[in-house]
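Here's data28.txt, which has compact mmCIF, C-alpha atoms:
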# COMPACT_ATOMS: atom_id res chain seq x y z
CA MET Z 854 68.33 -30.72 57.05
CA ILE Z 855 69.75 -31.43 53.59
CA SER Z 856 72.77 -33.69 53.46
CA ALA Z 857 75.16 -32.85 50.65
CA GLU Z 858 77.42 -34.53 48.14
CA PRO Z 859 79.90 -32.79 45.82
CA VAL Z 860 78.51 -31.41 42.60
CA ILE Z 861 80.18 -33.21 39.70
CA LEU Z 862 80.43 -30.90 36.74
CA VAL Z 863 81.53 -33.40 34.09
CA ASN Z 864 80.21 -36.81 33.19
CA PRO Z 865 82.64 -39.40 34.60
CA GLY Z 866 82.06 -41.90 31.78
CA GLY Z 867 85.38 -41.03 30.20
CA THR Z 868 84.31 -40.74 26.57
CA TYR Z 869 82.81 -37.28 26.79
CA ALA Z 870 84.40 -35.65 29.80
CA ASP Z 871 84.81 -32.45 27.81
CA ILE Z 872 81.04 -31.85 28.05
CA ALA Z 873 80.52 -29.81 31.18
CA PHE Z 874 77.31 -29.65 33.16
CA ALA Z 875 77.20 -26.72 35.54
CA PRO Z 876 73.83 -26.72 37.33
CA ARG Z 877 72.40 -23.45 38.60
CA GLY Z 878 69.94 -22.62 41.35
CA ALA Z 879 67.49 -25.40 42.12
CA ALA Z 880 69.30 -27.80 39.80
CA GLN Z 881 72.46 -27.41 41.85
CA GLN Z 882 70.51 -27.95 45.08
CA LEU Z 883 69.01 -31.11 43.59
CA TRP Z 884 72.47 -32.45 42.78
CA LYS Z 885 73.76 -31.85 46.30
CA CYS Z 886 70.84 -33.41 48.11
CA ARG Z 887 70.86 -36.99 49.41
CA ASN Z 888 67.41 -36.95 51.04
CA HIS Z 889 65.23 -39.93 50.18
CA GLU Z 890 62.41 -38.01 48.43
CA ILE Z 891 63.33 -34.90 46.46
CA MET Z 892 61.53 -32.84 43.82
CA ILE Z 893 62.55 -29.99 41.54
CA ALA Z 894 59.45 -27.90 40.81
CA GLY Z 895 58.84 -24.87 38.66
CA PRO Z 896 57.41 -23.53 35.41
CA ALA Z 897 58.04 -25.16 32.03
CA GLU Z 898 61.47 -25.03 30.36
CA THR Z 899 63.60 -24.28 33.43
CA GLY Z 900 65.89 -27.27 32.79
CA LYS Z 901 64.35 -29.54 35.44
CA THR Z 902 64.29 -32.70 33.33
CA TYR Z 903 67.81 -32.17 32.03
CA ALA Z 904 69.18 -31.70 35.55
CA CYS Z 905 67.48 -34.86 36.84
CA LEU Z 906 68.68 -36.96 33.89
CA GLN Z 907 72.23 -35.66 34.27
CA LYS Z 908 72.23 -36.68 37.92
CA LEU Z 909 70.77 -40.12 37.14
CA ASP Z 910 73.38 -40.70 34.41
CA THR Z 911 76.21 -39.58 36.67
CA LEU Z 912 75.10 -41.87 39.50
CA ALA Z 913 75.05 -44.77 37.03
CA TRP Z 914 78.71 -44.07 36.20
CA ILE Z 915 79.85 -43.43 39.78
CA PHE Z 916 78.30 -46.58 41.29
CA PRO Z 917 78.98 -49.65 39.09
CA GLY Z 918 76.08 -52.07 39.11
CA MET Z 919 73.54 -49.45 40.18
CA THR Z 920 69.94 -50.07 39.11
CA GLY Z 921 67.78 -47.05 38.35
CA ALA Z 922 64.53 -46.24 36.61
CA ILE Z 923 62.97 -43.45 34.56
CA ILE Z 924 59.22 -43.30 35.19
CA ARG Z 925 56.33 -41.25 33.86
CA LYS Z 926 52.56 -41.55 34.24
CA THR Z 927 52.20 -43.43 30.95
CA ARG Z 928 54.83 -45.15 28.82
CA ALA Z 929 53.39 -43.68 25.60
CA THR Z 930 54.36 -40.13 26.62
CA MET Z 931 58.05 -40.94 27.20
CA THR Z 932 59.62 -41.64 23.81
CA GLY Z 933 59.29 -38.16 22.34
CA SER Z 934 59.88 -36.29 25.58
CA VAL Z 935 62.04 -37.40 28.50
CA LEU Z 936 63.79 -40.22 26.62
CA ALA Z 937 64.53 -37.92 23.69
CA THR Z 938 66.24 -35.55 26.13
CA PHE Z 939 68.17 -38.43 27.69
CA GLU Z 940 69.38 -39.86 24.38
CA ASN Z 941 70.00 -36.62 22.49
CA LYS Z 942 71.18 -34.22 25.19
CA VAL Z 943 72.57 -36.28 28.07
CA LEU Z 944 74.13 -39.24 26.25
CA PRO Z 945 76.65 -38.20 23.57
CA SER Z 946 76.67 -39.59 20.04
CA ASP Z 947 79.62 -41.87 20.87
CA THR Z 948 78.16 -43.15 24.13
CA PRO Z 949 79.05 -46.68 25.24
CA VAL Z 950 75.62 -46.91 26.87
CA GLN Z 951 73.45 -49.46 25.06
CA LYS Z 952 69.69 -49.18 24.60
CA PHE Z 953 67.53 -52.30 24.62
CA GLY Z 954 63.97 -52.56 23.34
CA GLY Z 955 64.29 -50.79 20.00
CA GLU Z 956 62.39 -47.56 19.40
CA HIS Z 957 60.51 -48.01 22.66
CA ALA Z 958 63.40 -48.43 25.08
CA GLU Z 959 62.98 -50.87 27.96
CA TRP Z 960 66.32 -50.24 29.61
CA TYR Z 961 69.83 -48.77 29.15
CA ASP Z 962 72.96 -50.76 30.04
CA TYR Z 963 76.25 -49.11 31.08
CA PRO Z 964 79.68 -50.70 30.56
CA ASN Z 965 80.20 -50.83 34.35
CA GLY Z 966 77.12 -53.00 34.92
CA SER Z 967 74.69 -50.22 35.83
CA ARG Z 968 71.22 -50.40 34.31
CA ILE Z 969 68.43 -47.82 34.00
CA TYR Z 970 64.94 -49.20 33.35
CA VAL Z 971 62.15 -47.31 31.56
CA GLY Z 972 58.41 -47.49 32.21
CA GLY Z 973 55.09 -45.77 32.80
CA MET Z 974 52.92 -46.24 35.84
CA ASP Z 975 50.39 -47.83 33.49
CA LYS Z 976 52.94 -50.59 32.72
CA ALA Z 977 55.22 -50.49 35.74
CA ASP Z 978 55.29 -54.11 36.91
CA LYS Z 979 58.49 -55.07 35.08
CA VAL Z 980 60.27 -51.83 35.93
CA LEU Z 981 59.31 -52.07 39.60
CA SER Z 982 59.61 -55.84 39.96
CA SER Z 983 62.54 -55.44 42.34
CA GLU Z 984 64.38 -52.84 44.41
CA ARG Z 985 66.00 -49.85 42.68
CA ASP Z 986 68.84 -47.66 43.94
CA VAL Z 987 67.36 -44.52 42.42
CA ILE Z 988 64.09 -43.74 40.64
CA TYR Z 989 63.54 -40.61 38.58
CA VAL Z 990 59.92 -39.52 37.96
CA ASN Z 991 59.31 -37.16 35.07
CA GLN Z 992 56.25 -34.85 35.28
CA ALA Z 993 55.48 -36.09 38.79
CA GLU Z 994 52.46 -33.79 39.08
CA GLU Z 995 50.64 -36.17 36.73
CA LEU Z 996 50.95 -39.04 39.22
CA THR Z 997 48.61 -39.70 42.11
CA LEU Z 998 49.85 -39.91 45.68
CA ASP Z 999 49.26 -43.67 45.54
CA ASP Z 1000 51.55 -43.86 42.49
CA TRP Z 1001 54.32 -41.94 44.26
CA GLU Z 1002 54.06 -43.99 47.45
CA LYS Z 1003 54.21 -47.20 45.44
CA LEU Z 1004 57.50 -45.98 43.96
CA THR Z 1005 58.94 -45.20 47.39
CA THR Z 1006 58.45 -48.87 48.37
CA ARG Z 1007 60.74 -49.89 45.48
CA CYS Z 1008 63.50 -47.50 46.50
CA THR Z 1009 64.29 -48.14 50.16
CA GLY Z 1010 68.02 -48.92 50.13
CA ARG Z 1011 67.74 -52.70 49.84
CA ALA Z 1012 69.32 -52.62 46.38
CA GLY Z 1013 72.51 -51.79 48.24
CA ILE Z 1014 74.77 -50.48 45.47
CA MET Z 1015 74.54 -46.78 46.27
CA PRO Z 1016 75.23 -45.49 49.80
CA TYR Z 1017 71.76 -43.93 49.80
CA ALA Z 1018 68.50 -44.66 47.95
CA GLN Z 1019 66.68 -41.78 46.33
CA ILE Z 1020 63.45 -41.07 44.45
CA ILE Z 1021 63.82 -37.91 42.35
CA GLY Z 1022 60.98 -36.07 40.67
CA ASP Z 1023 60.49 -33.06 38.49
CA CYS Z 1024 57.16 -31.31 38.18
CA ASN Z 1025 55.29 -28.31 36.87
CA PRO Z 1026 52.96 -26.66 39.40
CA GLY Z 1027 49.46 -28.09 39.76
CA THR Z 1028 46.49 -27.21 41.93
CA SER Z 1029 46.85 -25.29 45.17
CA PHE Z 1030 45.95 -28.45 47.09
CA HIS Z 1031 48.15 -30.90 45.14
CA TRP Z 1032 49.60 -33.85 47.06
CA ILE Z 1033 53.15 -32.65 46.25
CA LEU Z 1034 52.57 -29.49 48.28
CA GLN Z 1035 51.00 -31.48 51.11
CA ARG Z 1036 53.87 -33.97 51.19
CA ALA Z 1037 56.42 -31.16 51.17
CA LYS Z 1038 54.58 -29.42 54.00
CA SER Z 1039 54.77 -32.60 56.08
CA GLY Z 1040 58.56 -32.64 55.68
CA VAL Z 1041 58.70 -36.00 53.94
CA LEU Z 1042 59.42 -34.52 50.49
CA THR Z 1043 62.14 -31.93 49.85
CA VAL Z 1044 61.17 -29.50 47.06
CA PHE Z 1045 63.51 -27.14 45.23
CA GLU Z 1046 61.97 -24.23 43.29
CA SER Z 1047 63.36 -23.89 39.78
CA ARG Z 1048 63.17 -20.72 37.68
CA HIS Z 1049 63.82 -19.86 34.04
CA GLU Z 1050 67.00 -18.02 34.97
CA ASP Z 1051 68.40 -21.41 36.11
CA ASN Z 1052 68.41 -22.67 32.52
CA PRO Z 1053 71.58 -21.64 30.63
CA VAL Z 1054 69.82 -22.33 27.34
CA LEU Z 1055 67.43 -19.46 28.10
CA TYR Z 1056 69.50 -17.05 30.18
CA THR Z 1057 73.16 -16.10 30.33
CA GLU Z 1058 74.99 -16.02 33.67
CA THR Z 1059 74.44 -12.25 33.74
CA GLY Z 1060 70.67 -12.70 33.41
CA GLU Z 1061 70.23 -11.81 29.75
CA LEU Z 1062 67.88 -13.75 27.47
CA THR Z 1063 69.60 -15.90 24.85
CA LYS Z 1064 68.30 -16.24 21.28
CA GLN Z 1065 66.51 -19.47 22.24
CA GLY Z 1066 65.31 -17.85 25.44
CA LYS Z 1067 63.43 -15.20 23.49
CA VAL Z 1068 61.66 -17.89 21.45
CA THR Z 1069 60.81 -20.09 24.43
CA MET Z 1070 59.62 -17.27 26.68
CA GLY Z 1071 57.51 -15.95 23.81
CA ILE Z 1072 55.71 -19.29 23.59
CA LEU Z 1073 55.13 -19.37 27.34
CA ASP Z 1074 53.91 -15.77 27.39
CA ASN Z 1075 51.22 -16.72 24.88
CA LEU Z 1076 49.64 -19.31 27.16
CA THR Z 1077 46.36 -18.41 28.83
CA GLY Z 1078 44.46 -19.03 32.04
CA VAL Z 1079 45.70 -21.54 34.57
CA ARG Z 1080 48.38 -22.86 32.18
CA LEU Z 1081 49.92 -19.37 31.98
CA GLN Z 1082 50.02 -19.15 35.78
CA ARG Z 1083 51.56 -22.59 36.19
CA LEU Z 1084 53.85 -23.04 33.17
CA ARG Z 1085 55.01 -19.43 32.77
CA TYR Z 1086 55.05 -18.11 36.33
CA GLY Z 1087 55.38 -21.33 38.35
CA ARG Z 1088 52.35 -20.75 40.55
CA TRP Z 1089 50.47 -23.56 42.28
CA VAL Z 1090 46.95 -22.39 41.52
CA SER Z 1091 43.54 -23.86 40.92
CA ALA Z 1092 41.56 -22.55 37.97
CA GLU Z 1093 39.12 -19.80 38.90
CA GLY Z 1094 35.61 -20.69 37.79
CA GLN Z 1095 36.39 -24.31 36.90
CA VAL Z 1096 33.46 -25.89 35.07
CA TYR Z 1097 33.94 -29.37 36.49
CA GLU Z 1098 34.62 -28.64 40.15
CA SER Z 1099 34.00 -32.28 41.15
CA TRP Z 1100 36.90 -33.53 39.02
CA ASP Z 1101 39.42 -35.40 41.18
CA ARG Z 1102 42.37 -37.14 39.54
CA ALA Z 1103 42.59 -39.58 42.45
CA VAL Z 1104 38.96 -40.61 41.91
CA HIS Z 1105 38.22 -40.29 38.21
CA LEU Z 1106 41.54 -41.50 36.78
CA ILE Z 1107 41.62 -45.27 37.20
CA ASP Z 1108 43.89 -48.17 36.32
CA PRO Z 1109 42.85 -49.88 33.08
CA PHE Z 1110 41.13 -53.26 33.17
CA ILE Z 1111 39.89 -55.77 30.62
CA ILE Z 1112 36.46 -54.60 29.46
CA PRO Z 1113 33.90 -57.43 29.24
CA LYS Z 1114 32.75 -58.13 25.69
CA GLU Z 1115 29.09 -57.76 26.64
CA TRP Z 1116 29.48 -54.13 27.72
CA THR Z 1117 28.18 -51.56 25.24
CA ARG Z 1118 30.86 -49.57 23.45
CA PHE Z 1119 30.63 -46.44 21.33
CA ARG Z 1120 32.86 -43.63 20.13
CA ALA Z 1121 32.62 -39.84 20.12
CA VAL Z 1122 34.44 -37.47 17.74
CA ASP Z 1123 35.21 -33.76 17.63
CA PHE Z 1124 36.66 -32.76 14.26
CA GLY Z 1125 39.79 -30.68 13.92
CA PHE Z 1126 42.97 -30.21 11.93
CA THR Z 1127 44.85 -27.16 13.21
CA ASN Z 1128 43.09 -27.89 16.48
CA PRO Z 1129 43.20 -31.54 17.58
CA PHE Z 1130 41.04 -34.19 16.00
CA VAL Z 1131 39.66 -36.03 19.03
CA CYS Z 1132 38.14 -39.50 19.13
CA HIS Z 1133 37.04 -41.16 22.38
CA TRP Z 1134 36.22 -44.82 22.88
CA TYR Z 1135 33.70 -45.43 25.69
CA ALA Z 1136 32.38 -48.51 27.46
CA VAL Z 1137 29.25 -48.66 29.65
CA ASP Z 1138 29.02 -51.11 32.55
CA PRO Z 1139 25.75 -52.75 33.73
CA ASP Z 1140 25.25 -49.97 36.30
CA GLY Z 1141 25.48 -47.26 33.65
CA ARG Z 1142 28.98 -46.09 34.55
CA LEU Z 1143 30.90 -44.62 31.63
CA TYR Z 1144 34.59 -45.39 30.97
CA LEU Z 1145 36.78 -43.48 28.52
CA TYR Z 1146 39.21 -46.29 27.70
CA ARG Z 1147 40.95 -45.03 24.56
CA GLU Z 1148 41.68 -41.61 23.09
CA LEU Z 1149 43.03 -40.28 19.81
CA TYR Z 1150 44.05 -36.62 20.24
CA GLN Z 1151 45.99 -35.41 17.21
CA THR Z 1152 46.59 -32.22 15.24
CA GLN Z 1153 47.05 -32.09 11.44
CA LEU Z 1154 45.24 -35.38 10.99
CA LEU Z 1155 43.11 -35.68 7.86
CA VAL Z 1156 39.66 -37.17 8.45
CA GLU Z 1157 40.40 -39.91 5.92
CA ASP Z 1158 43.55 -40.89 7.84
CA ALA Z 1159 41.70 -40.60 11.14
CA ALA Z 1160 39.06 -43.03 9.88
CA LYS Z 1161 41.72 -45.61 9.02
CA GLU Z 1162 43.31 -45.21 12.46
CA ILE Z 1163 39.94 -45.45 14.20
CA LYS Z 1164 39.18 -48.69 12.38
CA ARG Z 1165 42.62 -50.10 13.19
CA LEU Z 1166 42.34 -49.28 16.88
CA SER Z 1167 38.79 -50.68 17.06
CA GLU Z 1168 39.66 -54.00 15.46
CA GLY Z 1169 37.89 -56.88 17.21
CA GLU Z 1170 35.51 -54.59 19.13
CA ILE Z 1171 31.76 -54.21 18.64
CA ILE Z 1172 31.14 -50.46 18.42
CA GLU Z 1173 27.51 -49.32 18.52
CA THR Z 1174 28.06 -45.99 16.76
CA THR Z 1175 30.33 -42.94 16.53
CA VAL Z 1176 28.75 -39.73 17.86
CA CYS Z 1177 30.11 -36.77 15.88
CA ASP Z 1178 30.12 -33.05 15.56
CA HIS Z 1179 27.74 -31.91 12.80
CA ASP Z 1180 30.18 -31.21 9.96
CA ALA Z 1181 28.46 -33.00 7.06
CA GLU Z 1182 31.56 -33.34 4.88
CA ASP Z 1183 33.70 -34.78 7.65
CA ARG Z 1184 30.96 -37.18 8.73
CA ALA Z 1185 30.58 -38.31 5.13
CA THR Z 1186 34.33 -38.97 4.95
CA LEU Z 1187 34.22 -41.13 8.08
CA GLU Z 1188 31.27 -43.10 6.74
CA LYS Z 1189 32.92 -43.51 3.34
CA HIS Z 1190 35.83 -45.21 5.09
CA GLY Z 1191 33.72 -47.51 7.21
CA VAL Z 1192 33.00 -45.49 10.36
CA PRO Z 1193 29.19 -45.07 10.73
CA THR Z 1194 28.21 -41.88 12.56
CA THR Z 1195 25.41 -40.35 14.61
CA ALA Z 1196 24.91 -36.58 14.96
CA ALA Z 1197 25.82 -35.34 18.42
CA LYS Z 1198 23.38 -33.52 20.67
CA LYS Z 1199 25.27 -30.25 21.07
CA ALA Z 1200 23.32 -28.30 23.70
CA VAL Z 1201 26.25 -26.94 25.70
CA LYS Z 1202 24.56 -26.03 28.98
CA THR Z 1203 22.54 -29.25 29.15
CA GLY Z 1204 25.57 -31.31 28.21
CA ILE Z 1205 27.80 -29.68 30.83
CA GLU Z 1206 25.19 -30.30 33.51
CA ALA Z 1207 24.99 -33.97 32.47
CA VAL Z 1208 28.79 -34.34 32.74
CA GLN Z 1209 28.78 -32.57 36.10
CA VAL Z 1210 26.22 -35.04 37.44
CA ARG Z 1211 28.28 -37.99 36.25
CA LEU Z 1212 31.46 -36.66 37.88
CA ARG Z 1213 29.79 -36.38 41.28
CA LYS Z 1214 29.80 -39.39 43.56
CA ALA Z 1215 26.49 -41.26 43.51
CA GLY Z 1216 24.77 -43.06 46.37
CA ASP Z 1217 27.28 -45.92 46.20
CA GLY Z 1218 30.17 -43.48 46.69
CA LYS Z 1219 31.34 -43.78 43.09
CA PRO Z 1220 31.02 -41.33 40.19
CA ARG Z 1221 29.49 -42.38 36.87
CA LEU Z 1222 32.37 -41.26 34.65
CA PHE Z 1223 35.97 -42.50 34.62
CA ILE Z 1224 39.07 -42.15 32.44
CA PHE Z 1225 41.63 -44.93 32.03
CA LYS Z 1226 45.14 -43.78 32.96
CA ASN Z 1227 46.57 -45.08 29.69
CA ALA Z 1228 43.69 -43.97 27.46
CA LEU Z 1229 45.82 -41.78 25.18
CA VAL Z 1230 47.10 -43.66 22.13
CA GLN Z 1231 50.08 -41.39 21.47
CA PRO Z 1232 50.94 -37.81 22.50
CA ASP Z 1233 51.09 -35.16 19.79
CA LYS Z 1234 54.64 -33.77 19.52
CA ARG Z 1235 53.37 -30.36 18.35
CA LEU Z 1236 51.19 -30.01 21.42
CA LEU Z 1237 54.03 -31.12 23.70
CA GLU Z 1238 56.35 -28.52 22.19
CA THR Z 1239 53.84 -25.68 22.49
CA LYS Z 1240 52.83 -26.67 26.07
CA LYS Z 1241 49.21 -27.19 25.07
CA PRO Z 1242 47.00 -29.93 26.51
CA TYR Z 1243 47.67 -33.18 24.68
CA CYS Z 1244 44.77 -35.25 26.04
CA THR Z 1245 41.31 -34.71 27.51
CA GLU Z 1246 42.47 -35.21 31.08
CA GLN Z 1247 44.79 -32.21 30.74
CA GLU Z 1248 41.94 -29.97 29.56
CA ILE Z 1249 39.66 -30.50 32.55
CA GLU Z 1250 41.34 -28.36 35.22
CA GLY Z 1251 41.71 -25.44 32.80
CA TYR Z 1252 38.15 -25.63 31.47
CA VAL Z 1253 36.56 -22.55 33.03
CA TRP Z 1254 33.48 -20.36 32.76
CA LEU Z 1255 33.80 -17.08 30.89
CA LYS Z 1256 33.87 -14.21 33.32
CA PRO Z 1257 30.62 -12.20 33.31
CA ALA Z 1258 30.65 -9.05 31.21
CA ASP Z 1259 28.09 -6.60 29.89
CA GLY Z 1260 25.49 -7.79 32.34
CA ARG Z 1261 25.75 -11.42 31.27
CA ALA Z 1262 25.06 -13.86 34.08
CA ALA Z 1263 28.02 -15.71 35.56
CA LYS Z 1264 28.54 -19.32 34.42
CA GLU Z 1265 26.55 -18.76 31.24
CA GLN Z 1266 29.09 -20.39 28.94
CA PRO Z 1267 32.54 -21.96 29.15
CA ASN Z 1268 35.66 -20.38 27.71
CA PRO Z 1269 36.08 -22.00 24.26
CA VAL Z 1270 39.85 -22.51 24.58
CA ASP Z 1271 41.51 -25.94 24.74
CA ASP Z 1272 38.08 -27.57 24.94
CA HIS Z 1273 38.27 -30.22 22.21
CA GLY Z 1274 38.23 -33.18 24.56
CA MET Z 1275 35.60 -31.44 26.67
CA ASP Z 1276 33.29 -31.17 23.66
CA THR Z 1277 33.90 -34.82 22.79
CA MET Z 1278 33.12 -35.96 26.33
CA ARG Z 1279 29.96 -33.87 26.35
CA TYR Z 1280 28.78 -35.50 23.11
CA ALA Z 1281 29.36 -38.93 24.65
CA VAL Z 1282 27.48 -38.20 27.85
CA MET Z 1283 24.57 -36.64 25.98
CA HIS Z 1284 24.38 -39.70 23.74
CA LEU Z 1285 24.23 -41.96 26.77
CA GLU Z 1286 21.66 -39.83 28.55
CA SER Z 1287 19.36 -39.68 25.53
CA PRO Z 1288 16.13 -41.57 26.25
CA ASP Z 1289 15.97 -43.04 22.76
CA GLN Z 1290 19.03 -45.23 23.32
CA SER Z 1291 17.82 -48.83 23.53
CA TYR Z 1292 20.72 -50.02 25.68
CA LEU Z 1293 19.98 -47.29 28.26
CA THR Z 1294 16.55 -48.82 28.77
CA MET Z 1295 18.19 -52.19 29.12
CA ILE Z 1296 20.58 -50.90 31.78
CA SER Z 1297 17.81 -49.23 33.77
CA THR Z 1298 15.94 -52.53 34.12
CA ARG Z 1299 18.89 -54.46 35.55
As structure tokens, how would this structure be written, given the file I've shared?
Amino acid sequence: MISAEPVILVNPGGTYADIAFAPRGAAQQLWKCRNHEIMIAGPAETGKTYACLQKLDTLAWIFPGMTGAIIRKTRATMTGSVLATFENKVLPSDTPVQKFGGEHAEWYDYPNGSRIYVGGMDKADKVLSSERDVIYVNQAEELTLDDWEKLTTRCTGRAGIMPYAQIIGDCNPGTSFHWILQRAKSGVLTVFESRHEDNPVLYTETGELTKQGKVTMGILDNLTGVRLQRLRYGRWVSAEGQVYESWDRAVHLIDPFIIPKEWTRFRAVDFGFTNPFVCHWYAVDPDGRLYLYRELYQTQLLVEDAAKEIKRLSEGEIIETTVCDHDAEDRATLEKHGVPTTAAKKAVKTGIEAVQVRLRKAGDGKPRLFIFKNALVQPDKRLLETKKPYCTEQEIEGYVWLKPADGRAAKEQPNPVDDHGMDTMRYAVMHLESPDQSYLTMISTR
């Protein structure tokens, strides 16, 4: 049973009460609900984030001294996305709300004593150091169940300012077995299904597309594969013919740790400009496990500029080599600017099989390939706007085999779409598996 509160259609802050917010559909249900765990789910661009931020802002005004938080998987992905929406669309230009922390906000203070903290789950200790009245999680599908449950322990009602504590999430659909669906099925999490017609920026009240709606829906209609199903149509589906079926976010995505200096490190690069330029930093532990601990994933990045950034990010680290795609000119540019390279072993089928083996759990119950949760240096705004993958992790679930045609055997080759991080990872694994690597021999004798 959903307990209700009145829907407040204007911000009660006093300085911009003429700005009305009239939520529709799932957004209105979200506003009325006082249940402890609630989620607004649906395809991209339905107004989910805006509705959640409007509610969080309103609660901060209604309950003086309230403490809230805006959370996402990583802090780096927040500035140009959810916080931009909060500052530019929810808070007016003459807002009395003060931001602290400079460009990378740490918290927002309200004149009535309310405070909203900001943080990613990769750097959540300060944000979650004490009890919060309300926590809003942006892109909750990117979190693990452990992440979500950790947040629920910081939002139990002990803060005591609001008459109820609440953890609010928004999410795009994920796999058909995602923890969000399982938690909703158990009755612990209340989920509201949002649709594009709920967003007044896209559709009029009579159901007609606006000018912006035509642009936005055109972008979504051009998506392919599992991203089309999830971000355009709002379906919780797993990719048919997924190449890396053993991939499990709960297993392969791990909290970052300090990498010992004696571990071998190397980089892998897949060149691009219109498509992303991808650089991975890897570390190898004494048991041969491979850790992707840093990632540069950027469009419209000149190789010369990429080389400078690679050197800056690698400062103080001993890097064995940089395994690259075979473009001679681009490799020469990297080397000219102080980034020595090694030609990648590009056999696709062999490389995929090597990655598949590493993703499977070995005899000790652990896989041999991991990705740090905060590996991405900075998200690409162009990729965020066009709803394309903006890091390697986001490519994996949509990386599928081409469907057989003209008598070709199934699983002969992967679909070469949004595979830039996949190519880079394959180069890295093939480099590590190569028998001529001296450190591999060293590892095998330990």
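From CA of Glu1173 (chain Z) back to CA of Thr1152 (chain Z), the distance works out to 25.8 Å.
Closest approach to Leu1285 (chain Z) from the set Z:Gly1251, Z:Ser1167, Z:Thr1117, Z:His1190 is made by Z:Thr1117, with distances taken over only C-alpha atoms.
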inquiry  = Need the shell around Arg1184 (chain Z): protein/DNA/RNA residues with any atom at most 12 Å away, counting all atoms listed in the file. Skip same-chain ones fewer than 3 positions apart. Format as a PyMOL selection string?
reply    = chain Z and resi 1121-1124+1156-1157+1159-1160+1175-1181+1187-1197
Could you list, with a cut-off of 12 Å and counting only C-alpha atoms, the residues of region 1187-1299 of chain Z near region 1025-1049 of chain Z, each shown with its nearest atom pair and the distance in Å rounded to one decimal, rows sorted by chain and ascending number, as a Markdown table?
| residue | atom | partner | partner_atom | distance |
| --- | --- | --- | --- | --- |
| Z:Lys1240 | CA | Z:Asn1025 | CA | 11.2 |
| Z:Gln1247 | CA | Z:Gly1027 | CA | 11.0 |
| Z:Glu1250 | CA | Z:Thr1028 | CA | 8.5 |
| Z:Gly1251 | CA | Z:Thr1028 | CA | 10.5 |
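Nearest to Thr938 (chain Z) of all the residues Z:Tyr1280, Z:Trp960, Z:Tyr903, Z:Trp914 is Z:Tyr903, counting all atoms listed in the file.
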ask   = Leaving out Val990 (chain Z) and any residue of its chain fewer than 6 positions from it, which residues lie within 8 Å of it when counting only C-alpha atoms, given as a ChimeraX atom specification?
value = /Z:923-925,1020-1023
Please write as a PDB file with C-alpha atoms, in the coordinates of the input the list of polymer residues whose atoms come within 12 Å of (27.6, -43.5, 41.2), counting all atoms listed in the file and keeping to the coordinates of the file.
ATOM      1  CA  VAL Z1104      38.960 -40.610  41.910  1.00  0.00           C
ATOM      2  CA  HIS Z1105      38.220 -40.290  38.210  1.00  0.00           C
ATOM      3  CA  ASP Z1138      29.020 -51.110  32.550  1.00  0.00           C
ATOM      4  CA  ASP Z1140      25.250 -49.970  36.300  1.00  0.00           C
ATOM      5  CA  GLY Z1141      25.480 -47.260  33.650  1.00  0.00           C
ATOM      6  CA  ARG Z1142      28.980 -46.090  34.550  1.00  0.00           C
ATOM      7  CA  LEU Z1143      30.900 -44.620  31.630  1.00  0.00           C
ATOM      8  CA  VAL Z1210      26.220 -35.040  37.440  1.00  0.00           C
ATOM      9  CA  ARG Z1211      28.280 -37.990  36.250  1.00  0.00           C
ATOM     10  CA  LEU Z1212      31.460 -36.660  37.880  1.00  0.00           C
ATOM     11  CA  ARG Z1213      29.790 -36.380  41.280  1.00  0.00           C
ATOM     12  CA  LYS Z1214      29.800 -39.390  43.560  1.00  0.00           C
ATOM     13  CA  ALA Z1215      26.490 -41.260  43.510  1.00  0.00           C
ATOM     14  CA  GLY Z1216      24.770 -43.060  46.370  1.00  0.00           C
ATOM     15  CA  ASP Z1217      27.280 -45.920  46.200  1.00  0.00           C
ATOM     16  CA  GLY Z1218      30.170 -43.480  46.690  1.00  0.00           C
ATOM     17  CA  LYS Z1219      31.340 -43.780  43.090  1.00  0.00           C
ATOM     18  CA  PRO Z1220      31.020 -41.330  40.190  1.00  0.00           C
ATOM     19  CA  ARG Z1221      29.490 -42.380  36.870  1.00  0.00           C
ATOM     20  CA  LEU Z1222      32.370 -41.260  34.650  1.00  0.00           C
ATOM     21  CA  PHE Z1223      35.970 -42.500  34.620  1.00  0.00           C
TER      22      PHE Z1223
END
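Neighbouring residues of Gly1274 (chain Z) at 10 Å or closer, counting all atoms listed in the file and skipping chain neighbours under 2 positions away, are Ala1121, Val1122, Asp1123, Pro1129, Phe1130, Val1131, Cys1132, His1133, Glu1148, Leu1149, Tyr1150, Pro1242, Tyr1243, Cys1244, Thr1245, Glu1246, Gln1247, Glu1248, Ile1249, Asp1271, Asp1272, Asp1276, Thr1277, Met1278, Arg1279 and Tyr1280 of chain Z.
Computed from the coordinates, the CA of Tyr1097 (chain Z) to CA of Gln1209 (chain Z) distance equals 6.1 Å.
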key: Between CA of Gln1095 (chain Z) and CA of Trp1254 (chain Z), distance in Å (one decimal)   = 6.4 Å
query = Which residues, written as a ChimeraX atom specification, have at least one atom at most 9 Å from Asp1000 (chain Z), with only C-alpha atoms counted and residues fewer than 4 positions away on the same chain left out?
reply = /Z:926,974,996,1004-1005
Which centre and which edge lengths, in Å to one decimal, describe the axis-aligned box that holds all listed atoms of region 1228-1245 of chain Z after 8 Å is added on each side, as lines of an AutoDock Vina configuration file?
center_x = 48.8
center_y = -34.8
center_z = 22.9
size_x = 31.0
size_y = 34.3
size_z = 25.2
inquiry  = Within 12 Å of (73.7, -52.4, 30.9) (file coordinates; only C-alpha atoms), which protein or nucleic acid residues are there? I'd like them as a list in words.
reply    =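 Output: Ala913, Trp914, Pro917, Gly918, Met919, Thr920, Gly921, Pro949, Val950, Gln951, Lys952, Phe953, Glu959, Trp960, Tyr961, Asp962, Tyr963, Pro964, Asn965, Gly966, Ser967, Arg968, Ile969 and Tyr970 of chain Z.
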